[in-house]
file run.cif (mmCIF, C-alpha atoms)
data_upload
#
loop_
_atom_site.group_PDB
_atom_site.id
_atom_site.type_symbol
_atom_site.label_atom_id
_atom_site.label_comp_id
_atom_site.auth_asym_id
_atom_site.auth_seq_id
_atom_site.Cartn_x
_atom_site.Cartn_y
_atom_site.Cartn_z
ATOM 1 C CA MET A 1 300.701 59.046 312.732
ATOM 2 C CA ARG A 2 302.444 62.386 313.012
ATOM 3 C CA LEU A 3 299.996 63.721 315.620
ATOM 4 C CA GLN A 4 299.500 60.539 317.615
ATOM 5 C CA GLY A 5 297.588 61.261 320.830
ATOM 6 C CA LYS A 6 297.626 65.040 320.439
ATOM 7 C CA VAL A 7 294.518 67.112 321.158
ATOM 8 C CA ALA A 8 293.724 69.651 318.444
ATOM 9 C CA ILE A 9 291.109 72.383 317.985
ATOM 10 C CA ILE A 10 290.347 73.429 314.414
ATOM 11 C CA THR A 11 287.989 76.375 314.001
ATOM 12 C CA GLY A 12 285.801 76.750 310.940
ATOM 13 C CA ALA A 13 286.121 72.997 310.482
ATOM 14 C CA ALA A 14 282.613 72.294 309.215
ATOM 15 C CA HIS A 15 283.654 72.785 305.590
ATOM 16 C CA GLY A 16 286.433 73.872 303.258
ATOM 17 C CA MET A 17 290.014 74.110 304.459
ATOM 18 C CA GLY A 18 289.036 73.503 308.066
ATOM 19 C CA GLU A 19 287.295 70.257 307.197
ATOM 20 C CA ALA A 20 290.305 69.072 305.190
ATOM 21 C CA GLU A 21 292.589 69.879 308.114
ATOM 22 C CA ALA A 22 290.302 68.079 310.574
ATOM 23 C CA ARG A 23 290.183 64.929 308.460
ATOM 24 C CA LEU A 24 293.945 64.923 307.899
ATOM 25 C CA PHE A 25 294.766 65.585 311.560
ATOM 26 C CA ALA A 26 292.469 62.772 312.678
ATOM 27 C CA ALA A 27 294.025 60.371 310.184
ATOM 28 C CA GLU A 28 297.416 61.322 311.641
ATOM 29 C CA GLY A 29 296.312 60.277 315.140
ATOM 30 C CA ALA A 30 294.971 63.474 316.719
ATOM 31 C CA HIS A 31 291.872 63.845 318.862
ATOM 32 C CA VAL A 32 290.197 66.580 316.796
ATOM 33 C CA ILE A 33 287.693 69.108 318.069
ATOM 34 C CA VAL A 34 285.669 70.291 315.068
ATOM 35 C CA ALA A 35 284.730 73.833 316.137
ATOM 36 C CA ASP A 36 282.221 75.853 314.123
ATOM 37 C CA ARG A 37 278.968 77.828 314.270
ATOM 38 C CA LEU A 38 277.418 75.474 311.707
ATOM 39 C CA GLU A 39 276.102 72.738 313.970
ATOM 40 C CA ALA A 40 274.593 70.316 311.442
ATOM 41 C CA LYS A 41 277.600 70.436 309.118
ATOM 42 C CA GLY A 42 280.083 70.290 311.996
ATOM 43 C CA GLU A 43 278.364 67.300 313.581
ATOM 44 C CA ALA A 44 278.346 65.558 310.196
ATOM 45 C CA VAL A 45 282.089 66.102 309.706
ATOM 46 C CA ALA A 46 282.896 64.784 313.181
ATOM 47 C CA ALA A 47 280.608 61.765 312.706
ATOM 48 C CA SER A 48 282.203 60.998 309.349
ATOM 49 C CA ILE A 49 285.677 61.101 310.895
ATOM 50 C CA ARG A 50 284.590 58.755 313.681
ATOM 51 C CA SER A 51 283.004 56.362 311.203
ATOM 52 C CA ALA A 52 286.405 56.098 309.523
ATOM 53 C CA GLY A 53 287.854 54.894 312.831
ATOM 54 C CA PHE A 54 289.438 58.132 314.033
ATOM 55 C CA HIS A 55 288.809 60.540 316.926
ATOM 56 C CA ALA A 56 286.683 63.650 316.461
ATOM 57 C CA LYS A 57 284.078 65.623 318.353
ATOM 58 C CA PHE A 58 282.022 68.642 317.358
ATOM 59 C CA GLN A 59 281.875 71.745 319.540
ATOM 60 C CA LYS A 60 279.743 74.756 318.655
ATOM 61 C CA LEU A 61 281.865 77.901 318.692
ATOM 62 C CA ASP A 62 281.367 81.521 317.736
ATOM 63 C CA VAL A 63 285.008 82.546 317.363
ATOM 64 C CA THR A 64 284.202 86.185 318.188
ATOM 65 C CA ASP A 65 282.757 85.278 321.621
ATOM 66 C CA GLU A 66 285.265 85.097 324.475
ATOM 67 C CA GLY A 67 282.800 83.236 326.692
ATOM 68 C CA GLU A 68 282.386 80.474 324.130
ATOM 69 C CA TRP A 69 286.157 80.181 323.775
ATOM 70 C CA LEU A 70 286.495 79.796 327.540
ATOM 71 C CA GLY A 71 283.757 77.172 327.599
ATOM 72 C CA LEU A 72 285.509 75.253 324.823
ATOM 73 C CA MET A 73 288.846 75.347 326.637
ATOM 74 C CA ASP A 74 287.275 74.192 329.900
ATOM 75 C CA ALA A 75 285.498 71.312 328.172
ATOM 76 C CA ILE A 76 288.680 70.118 326.462
ATOM 77 C CA LEU A 77 290.775 70.253 329.616
ATOM 78 C CA ALA A 78 288.049 68.444 331.549
ATOM 79 C CA GLU A 79 287.917 65.633 328.979
ATOM 80 C CA HIS A 80 291.530 65.377 327.848
ATOM 81 C CA GLY A 81 293.559 67.223 330.474
ATOM 82 C CA ARG A 82 295.609 68.938 327.779
ATOM 83 C CA LEU A 83 295.568 70.996 324.591
ATOM 84 C CA ASP A 84 298.391 70.524 322.093
ATOM 85 C CA ILE A 85 297.306 72.223 318.867
ATOM 86 C CA LEU A 86 295.081 75.095 317.810
ATOM 87 C CA VAL A 87 294.388 75.969 314.183
ATOM 88 C CA ASN A 88 292.651 79.339 313.901
ATOM 89 C CA ASN A 89 291.133 78.602 310.526
ATOM 90 C CA ALA A 90 287.733 80.357 310.721
ATOM 91 C CA GLY A 91 287.409 83.455 308.585
ATOM 92 C CA ILE A 92 285.206 85.412 306.190
ATOM 93 C CA SER A 93 285.765 87.382 303.003
ATOM 94 C CA GLY A 94 284.493 90.827 302.169
ATOM 95 C CA SER A 95 281.702 89.300 300.104
ATOM 96 C CA SER A 96 280.357 87.662 303.260
ATOM 97 C CA VAL A 97 279.140 90.957 304.714
ATOM 98 C CA GLY A 98 276.515 93.362 303.417
ATOM 99 C CA ASP A 99 278.753 96.416 303.035
ATOM 100 C CA PRO A 100 282.461 95.555 303.289
ATOM 101 C CA GLU A 101 283.387 99.181 302.622
ATOM 102 C CA GLY A 102 281.284 100.518 305.519
ATOM 103 C CA LEU A 103 282.006 100.627 309.240
ATOM 104 C CA ASP A 104 279.729 97.705 310.113
ATOM 105 C CA GLY A 105 281.403 95.566 307.487
ATOM 106 C CA TRP A 106 284.833 96.573 308.770
ATOM 107 C CA HIS A 107 283.933 95.623 312.334
ATOM 108 C CA ARG A 108 282.518 92.251 311.277
ATOM 109 C CA ILE A 109 285.530 91.279 309.150
ATOM 110 C CA ILE A 110 287.974 92.377 311.846
ATOM 111 C CA ALA A 111 286.019 90.493 314.525
ATOM 112 C CA VAL A 112 285.932 87.195 312.658
ATOM 113 C CA ASN A 113 289.350 87.289 310.987
ATOM 114 C CA GLN A 114 291.471 89.148 313.527
ATOM 115 C CA THR A 115 289.901 89.371 316.983
ATOM 116 C CA SER A 116 289.079 85.657 316.937
ATOM 117 C CA VAL A 117 292.741 84.874 316.345
ATOM 118 C CA PHE A 118 293.719 86.990 319.345
ATOM 119 C CA LEU A 119 291.149 85.242 321.534
ATOM 120 C CA GLY A 120 292.067 81.735 320.434
ATOM 121 C CA THR A 121 295.819 82.288 320.509
ATOM 122 C CA SER A 122 296.003 83.998 323.876
ATOM 123 C CA LEU A 123 293.653 81.575 325.631
ATOM 124 C CA ALA A 124 295.193 78.471 324.071
ATOM 125 C CA ALA A 125 298.766 79.609 324.686
ATOM 126 C CA GLU A 126 298.080 80.048 328.397
ATOM 127 C CA ARG A 127 296.784 76.493 328.669
ATOM 128 C CA MET A 128 299.468 75.034 326.432
ATOM 129 C CA ALA A 129 302.153 76.697 328.521
ATOM 130 C CA ALA A 130 300.758 75.049 331.638
ATOM 131 C CA GLY A 131 301.022 71.702 329.866
ATOM 132 C CA GLY A 132 304.575 72.138 328.624
ATOM 133 C CA GLY A 133 303.999 73.688 325.194
ATOM 134 C CA GLY A 134 302.081 73.342 321.966
ATOM 135 C CA SER A 135 301.589 74.623 318.437
ATOM 136 C CA ILE A 136 299.256 77.342 317.172
ATOM 137 C CA VAL A 137 298.732 77.789 313.439
ATOM 138 C CA ASN A 138 296.883 80.910 312.340
ATOM 139 C CA ILE A 139 295.446 80.945 308.835
ATOM 140 C CA SER A 140 296.124 84.262 307.116
ATOM 141 C CA SER A 141 296.219 84.799 303.343
ATOM 142 C CA ILE A 142 298.472 85.993 300.560
ATOM 143 C CA MET A 143 296.365 89.149 300.960
ATOM 144 C CA GLY A 144 298.159 89.619 304.272
ATOM 145 C CA PHE A 145 301.283 90.440 302.244
ATOM 146 C CA VAL A 146 300.022 92.478 299.301
ATOM 147 C CA GLY A 147 297.183 94.676 298.163
ATOM 148 C CA SER A 148 294.848 93.806 295.299
ATOM 149 C CA THR A 149 291.992 95.160 293.258
ATOM 150 C CA SER A 150 289.870 92.100 293.985
ATOM 151 C CA GLY A 151 290.105 92.030 297.791
ATOM 152 C CA HIS A 152 288.349 94.431 300.164
ATOM 153 C CA PRO A 153 290.682 96.645 302.249
ATOM 154 C CA ALA A 154 289.218 95.336 305.512
ATOM 155 C CA TYR A 155 290.064 91.772 304.479
ATOM 156 C CA HIS A 156 293.646 92.732 303.650
ATOM 157 C CA ALA A 157 293.939 94.587 306.953
ATOM 158 C CA SER A 158 292.625 91.648 308.960
ATOM 159 C CA LYS A 159 294.931 89.121 307.322
ATOM 160 C CA GLY A 160 297.965 91.395 307.591
ATOM 161 C CA ALA A 161 297.199 91.839 311.280
ATOM 162 C CA VAL A 162 297.075 88.067 311.782
ATOM 163 C CA ARG A 163 300.549 87.812 310.260
ATOM 164 C CA ILE A 164 302.256 90.372 312.498
ATOM 165 C CA TYR A 165 300.232 89.471 315.598
ATOM 166 C CA SER A 166 301.388 85.878 315.244
ATOM 167 C CA LYS A 167 305.019 86.985 315.176
ATOM 168 C CA ALA A 168 304.514 88.975 318.373
ATOM 169 C CA ALA A 169 302.745 86.007 319.972
ATOM 170 C CA ALA A 170 305.581 83.686 318.938
ATOM 171 C CA VAL A 171 308.062 85.936 320.736
ATOM 172 C CA ARG A 172 305.873 86.233 323.818
ATOM 173 C CA TYR A 173 304.940 82.579 324.229
ATOM 174 C CA GLY A 174 308.100 80.949 322.873
ATOM 175 C CA PRO A 175 309.827 80.709 326.283
ATOM 176 C CA ALA A 176 306.878 78.595 327.473
ATOM 177 C CA GLY A 177 307.314 76.158 324.572
ATOM 178 C CA VAL A 178 304.370 77.461 322.545
ATOM 179 C CA ARG A 179 305.022 77.900 318.817
ATOM 180 C CA VAL A 180 302.941 80.307 316.697
ATOM 181 C CA ASN A 181 303.091 80.389 312.901
ATOM 182 C CA THR A 182 300.939 81.557 310.001
ATOM 183 C CA VAL A 183 299.840 79.908 306.770
ATOM 184 C CA HIS A 184 299.006 82.026 303.723
ATOM 185 C CA PRO A 185 296.880 80.234 301.120
ATOM 186 C CA GLY A 186 296.648 81.453 297.551
ATOM 187 C CA TYR A 187 293.756 81.308 295.137
ATOM 188 C CA MET A 188 291.422 78.326 295.362
ATOM 189 C CA PRO A 189 288.153 77.491 293.611
ATOM 190 C CA ALA A 190 286.061 78.452 296.638
ATOM 191 C CA MET A 191 287.556 81.951 296.609
ATOM 192 C CA LEU A 192 286.517 82.664 293.030
ATOM 193 C CA ASN A 193 283.174 83.429 291.437
ATOM 194 C CA SER A 194 282.160 80.060 290.000
ATOM 195 C CA THR A 195 280.160 81.779 287.260
ATOM 196 C CA ASN A 196 283.096 83.848 286.050
ATOM 197 C CA GLY A 197 285.279 81.631 283.881
ATOM 198 C CA ASN A 198 287.516 84.547 282.927
ATOM 199 C CA GLU A 199 288.433 85.206 286.571
ATOM 200 C CA ARG A 200 289.415 81.578 287.068
ATOM 201 C CA ALA A 201 291.487 81.532 283.891
ATOM 202 C CA ASP A 202 293.203 84.795 284.820
ATOM 203 C CA LYS A 203 294.200 83.520 288.263
ATOM 204 C CA ILE A 204 295.574 80.275 286.804
ATOM 205 C CA ALA A 205 297.566 82.192 284.205
ATOM 206 C CA ALA A 206 299.013 84.462 286.917
ATOM 207 C CA THR A 207 300.114 81.516 289.091
ATOM 208 C CA PRO A 208 303.550 80.082 288.209
ATOM 209 C CA LEU A 209 302.406 76.499 288.846
ATOM 210 C CA ARG A 210 299.503 77.162 286.459
ATOM 211 C CA ARG A 211 296.720 75.809 288.628
ATOM 212 C CA LEU A 212 294.521 76.846 291.517
ATOM 213 C CA GLY A 213 295.220 75.485 294.980
ATOM 214 C CA GLU A 214 293.271 72.709 296.672
ATOM 215 C CA VAL A 215 292.321 72.543 300.332
ATOM 216 C CA ILE A 216 294.533 69.505 300.854
ATOM 217 C CA ASP A 217 297.550 71.556 299.704
ATOM 218 C CA VAL A 218 296.960 73.854 302.650
ATOM 219 C CA ALA A 219 296.121 71.046 305.075
ATOM 220 C CA TYR A 220 299.481 69.364 304.587
ATOM 221 C CA GLY A 221 301.299 72.628 305.307
ATOM 222 C CA VAL A 222 299.263 73.154 308.460
ATOM 223 C CA LEU A 223 299.987 69.565 309.484
ATOM 224 C CA PHE A 224 303.727 70.170 309.254
ATOM 225 C CA LEU A 225 303.606 73.287 311.422
ATOM 226 C CA ALA A 226 301.362 71.560 313.968
ATOM 227 C CA SER A 227 303.594 68.506 314.220
ATOM 228 C CA ASP A 228 306.793 67.935 316.170
ATOM 229 C CA GLU A 229 308.652 67.973 312.849
ATOM 230 C CA ALA A 230 308.416 71.770 313.102
ATOM 231 C CA ALA A 231 309.711 71.844 316.687
ATOM 232 C CA PHE A 232 312.181 74.660 315.879
ATOM 233 C CA VAL A 233 309.815 76.675 313.673
ATOM 234 C CA THR A 234 308.002 79.646 315.182
ATOM 235 C CA GLY A 235 307.154 83.222 314.253
ATOM 236 C CA THR A 236 307.265 82.564 310.530
ATOM 237 C CA GLU A 237 304.988 82.252 307.507
ATOM 238 C CA LEU A 238 304.281 79.375 305.168
ATOM 239 C CA VAL A 239 302.948 80.649 301.850
ATOM 240 C CA ILE A 240 300.983 78.035 299.884
ATOM 241 C CA ASP A 241 300.046 79.849 296.693
ATOM 242 C CA GLY A 242 301.711 78.159 293.719
ATOM 243 C CA GLY A 243 304.216 81.008 293.543
ATOM 244 C CA TRP A 244 301.665 83.822 293.089
ATOM 245 C CA ILE A 245 303.346 86.412 295.336
ATOM 246 C CA ALA A 246 306.858 85.422 294.289
ATOM 247 C CA GLN A 247 306.551 87.548 291.140
#
call {"tool": "encode", "arguments": {"input": "run.cif", "output": "structure tokens"}}
result
Amino acid sequence: MRLQGKVAIITGAAHGMGEAEARLFAAEGAHVIVADRLEAKGEAVAASIRSAGFHAKFQKLDVTDEGEWLGLMDAILAEHGRLDILVNNAGISGSSVGDPEGLDGWHRIIAVNQTSVFLGTSLAAERMAAGGGGSIVNISSIMGFVGSTSGHPAYHASKGAVRIYSKAAAVRYGPAGVRVNTVHPGYMPAMLNSTNGNERADKIAATPLRRLGEVIDVAYGVLFLASDEAAFVTGTELVIDGGWIAQ
């Protein structure tokens, strides 16, 4: 029970990495707020967690909307009186927008991947500071370190910005007891074209551990940074990529 009694928001928690993090956090004793735009899926995840005997509640959230962030924060403080953990997990890839190379695509990717992290971090840090501290984990990517032929430039830019913004936030909010770190996942099945067997094989061959990542691999890293075990860890990156960017 590494998060016993802690109150945690996880964005983009209706599926994928966010869902894995929500389930793991709840099993470790946290009161989890499953935050997502996908209401039916988010409600189902929260209900499933509760049916397993743990604490979870769904809250609809558009991570690009400051008003919705404020409403979420107010609701949590009204119910729990505190906020201990925020995982800014929500994000989109270049393939999620119509024209990732155009201006509209740029603005959408930056809004979801970068601006949302600013909103969540700044608003959560203020409330955590008032409560004596907390932990913020911002999900970036290995594409926040390097360029690639497969990723869209806007995606790389957004994830690189999350990395350096989180360092600046760690410096700013550290004196108030708020830790801010980033996690950088590598290639996972959901990131690859399921119909392209060659792409999958190429990524496995290029990864020193010779496999793709799984969402639980990332969730355990996020759990460590969120927990008190990482009480002296802030302003740094945890790369979970099977060694891909080490070469």
call {"tool": "resolve_selection", "arguments": {"input": "run.cif", "expression": "the PyMOL selection byres ((chain A and resi 228) around 12)", "output": "list of chain:residue names"}}
result
A:Met1, A:Arg2, A:Leu3, A:Gln4, A:Lys6, A:Asp84, A:Ile85, A:Gly133, A:Gly134, A:Ser135, A:Gly177, A:Val178, A:Arg179, A:Val222, A:Leu223, A:Phe224, A:Leu225, A:Ala226, A:Ser227, A:Glu229, A:Ala230, A:Ala231, A:Phe232, A:Val233, A:Thr234
call {"tool": "resolve_selection", "arguments": {"input": "run.cif", "expression": "the PyMOL selection byres ((chain A and resi 26) around 12)", "output": "JSON, numbers by chain"}}
result
{"A": [1, 2, 3, 4, 5, 6, 7, 8, 9, 10, 19, 20, 21, 22, 23, 24, 25, 27, 28, 29, 30, 31, 32, 33, 34, 45, 46, 47, 48, 49, 50, 51, 52, 53, 54, 55, 56, 57, 219, 223]}
call {"tool": "atom_distance", "arguments": {"input": "run.cif", "atom1": "atom CA of Ile142 of chain A", "atom2": "atom CA of Glu214 of chain A"}}
result
14.8 Å
call {"tool": "closest_residue", "arguments": {"input": "run.cif", "among": "A:Ala157, A:Ala205, A:Val63, A:Leu77", "to": "Leu119 of chain A", "atoms": "all atoms listed in the file"}}
result
A:Val63
call {"tool": "resolve_selection", "arguments": {"input": "run.cif", "expression": "the PyMOL selection byres ((chain A and resi 11) around 12)", "output": "ChimeraX atom specification"}}
result
/A:8-10,12-22,32-38,42,58-64,69,72,85-91,112-113,116-117,120-121,136-139
call {"tool": "residues_around", "arguments": {"input": "run.cif", "residues": "Lys167 of chain A", "least_positions_apart": "3", "cutoff": "6 Å", "atoms": "only C-alpha atoms", "output": "PyMOL selection string"}}
result
chain A and resi 164+170+235
call {"tool": "atom_distance", "arguments": {"input": "run.cif", "atom1": "atom CA of Pro100 of chain A", "atom2": "atom CA of Gly151 of chain A"}}
result
10.1 Å
call {"tool": "residues_around", "arguments": {"input": "run.cif", "residues": "Trp244 of chain A", "least_positions_apart": "4", "cutoff": "7 Å", "atoms": "all atoms listed in the file", "output": "PDB file with C-alpha atoms, in the frame of the given file"}}
result
ATOM      1  CA  ALA A 206     299.013  84.462 286.917  1.00  0.00           C
ATOM      2  CA  THR A 207     300.114  81.516 289.091  1.00  0.00           C
ATOM      3  CA  PRO A 208     303.550  80.082 288.209  1.00  0.00           C
TER       4      PRO A 208
END
call {"tool": "closest_residue", "arguments": {"input": "run.cif", "among": "A:Glu66, A:Gln247, A:Gly242, A:Gly81", "to": "Val146 of chain A", "atoms": "all atoms listed in the file"}}
result
A:Gln247
call {"tool": "atom_distance", "arguments": {"input": "run.cif", "atom1": "atom CA of Ala129 of chain A", "atom2": "atom CA of Tyr173 of chain A"}}
result
7.8 Å
call {"tool": "residues_around", "arguments": {"input": "run.cif", "residues": "Ala161 of chain A", "least_positions_apart": "4", "cutoff": "9 Å", "atoms": "all atoms listed in the file", "output": "VMD selection string"}}
result
chain A and resid 114 140 144 156 to 157 165 to 166
call {"tool": "closest_atom_pairs", "arguments": {"input": "run.cif", "of": "segment 112-213 of chain A", "to": "segment 236-239 of chain A", "cutoff": "6 Å", "atoms": "all atoms listed in the file", "output": "JSON lines"}}
result
{"residue": "A:Asn181", "atom": "CA", "partner": "A:Thr236", "partner_atom": "CA", "distance": 5.3}
{"residue": "A:Thr182", "atom": "CA", "partner": "A:Glu237", "partner_atom": "CA", "distance": 4.8}
{"residue": "A:Val183", "atom": "CA", "partner": "A:Leu238", "partner_atom": "CA", "distance": 4.8}
{"residue": "A:His184", "atom": "CA", "partner": "A:Val239", "partner_atom": "CA", "distance": 4.6}
call {"tool": "axis_aligned_box", "arguments": {"input": "run.cif", "around": "segment 172-191 of chain A", "padding_each_side": "3 Å", "output": "JSON"}}
result
{"center_x": 297.9, "center_y": 81.2, "center_z": 310.5, "size_x": 29.8, "size_y": 16.1, "size_z": 39.9}
call {"tool": "decode", "arguments": {"input": "run.cif", "residues": "segment 127-148 of chain A", "atoms": "N, CA and C atoms", "output": "mmCIF file, in the first residue's frame"}}
result
data_model
loop_
_atom_site.group_PDB
_atom_site.id
_atom_site.type_symbol
_atom_site.label_atom_id
_atom_site.label_comp_id
_atom_site.auth_asym_id
_atom_site.auth_seq_id
_atom_site.Cartn_x
_atom_site.Cartn_y
_atom_site.Cartn_z
ATOM 1 N N ARG A 127 -2.287 24.060 -5.049
ATOM 2 C CA ARG A 127 -3.106 23.408 -4.020
ATOM 3 C C ARG A 127 -2.297 22.419 -3.197
ATOM 4 N N MET A 128 -1.350 21.753 -3.808
ATOM 5 C CA MET A 128 -0.472 20.863 -3.061
ATOM 6 C C MET A 128 0.376 21.639 -2.063
ATOM 7 N N ALA A 129 0.877 22.779 -2.504
ATOM 8 C CA ALA A 129 1.701 23.610 -1.622
ATOM 9 C C ALA A 129 0.929 24.013 -0.373
ATOM 10 N N ALA A 130 -0.342 24.341 -0.557
ATOM 11 C CA ALA A 130 -1.171 24.736 0.583
ATOM 12 C C ALA A 130 -1.379 23.578 1.548
ATOM 13 N N GLY A 131 -1.258 22.348 1.032
ATOM 14 C CA GLY A 131 -1.453 21.172 1.863
ATOM 15 C C GLY A 131 -0.171 20.543 2.358
ATOM 16 N N GLY A 132 0.960 21.183 2.079
ATOM 17 C CA GLY A 132 2.232 20.670 2.590
ATOM 18 C C GLY A 132 3.090 19.940 1.587
ATOM 19 N N GLY A 133 2.625 19.812 0.329
ATOM 20 C CA GLY A 133 3.461 19.186 -0.695
ATOM 21 C C GLY A 133 2.717 18.131 -1.486
ATOM 22 N N GLY A 134 3.409 17.547 -2.444
ATOM 23 C CA GLY A 134 2.805 16.521 -3.280
ATOM 24 C C GLY A 134 3.738 16.138 -4.410
ATOM 25 N N SER A 135 3.243 15.272 -5.291
ATOM 26 C CA SER A 135 4.050 14.784 -6.405
ATOM 27 C C SER A 135 3.280 14.932 -7.709
ATOM 28 N N ILE A 136 3.939 15.499 -8.709
ATOM 29 C CA ILE A 136 3.381 15.624 -10.049
ATOM 30 C C ILE A 136 4.271 14.839 -11.003
ATOM 31 N N VAL A 137 3.662 13.965 -11.777
ATOM 32 C CA VAL A 137 4.388 13.172 -12.765
ATOM 33 C C VAL A 137 3.818 13.503 -14.138
ATOM 34 N N ASN A 138 4.651 14.035 -15.005
ATOM 35 C CA ASN A 138 4.219 14.422 -16.339
ATOM 36 C C ASN A 138 4.741 13.410 -17.359
ATOM 37 N N ILE A 139 3.817 12.839 -18.133
ATOM 38 C CA ILE A 139 4.209 11.827 -19.099
ATOM 39 C C ILE A 139 4.681 12.506 -20.384
ATOM 40 N N SER A 140 5.948 12.317 -20.692
ATOM 41 C CA SER A 140 6.530 12.838 -21.930
ATOM 42 C C SER A 140 6.712 11.661 -22.886
ATOM 43 N N SER A 141 7.867 11.494 -23.458
ATOM 44 C CA SER A 141 8.121 10.436 -24.426
ATOM 45 C C SER A 141 9.614 10.399 -24.706
ATOM 46 N N ILE A 142 10.088 9.281 -25.242
ATOM 47 C CA ILE A 142 11.470 9.275 -25.722
ATOM 48 C C ILE A 142 11.625 10.284 -26.852
ATOM 49 N N MET A 143 10.513 10.646 -27.507
ATOM 50 C CA MET A 143 10.562 11.642 -28.574
ATOM 51 C C MET A 143 10.760 13.053 -28.023
ATOM 52 N N GLY A 144 10.769 13.188 -26.703
ATOM 53 C CA GLY A 144 11.122 14.449 -26.081
ATOM 54 C C GLY A 144 12.627 14.614 -25.934
ATOM 55 N N PHE A 145 13.375 13.571 -26.309
ATOM 56 C CA PHE A 145 14.839 13.618 -26.273
ATOM 57 C C PHE A 145 15.456 13.680 -27.665
ATOM 58 N N VAL A 146 14.849 12.966 -28.611
ATOM 59 C CA VAL A 146 15.465 12.800 -29.925
ATOM 60 C C VAL A 146 14.460 13.058 -31.039
ATOM 61 N N GLY A 147 14.979 13.280 -32.229
ATOM 62 C CA GLY A 147 14.132 13.365 -33.403
ATOM 63 C C GLY A 147 13.944 11.991 -34.012
ATOM 64 N N SER A 148 13.024 11.880 -34.973
ATOM 65 C CA SER A 148 12.807 10.598 -35.638
ATOM 66 C C SER A 148 12.130 10.836 -36.966
#
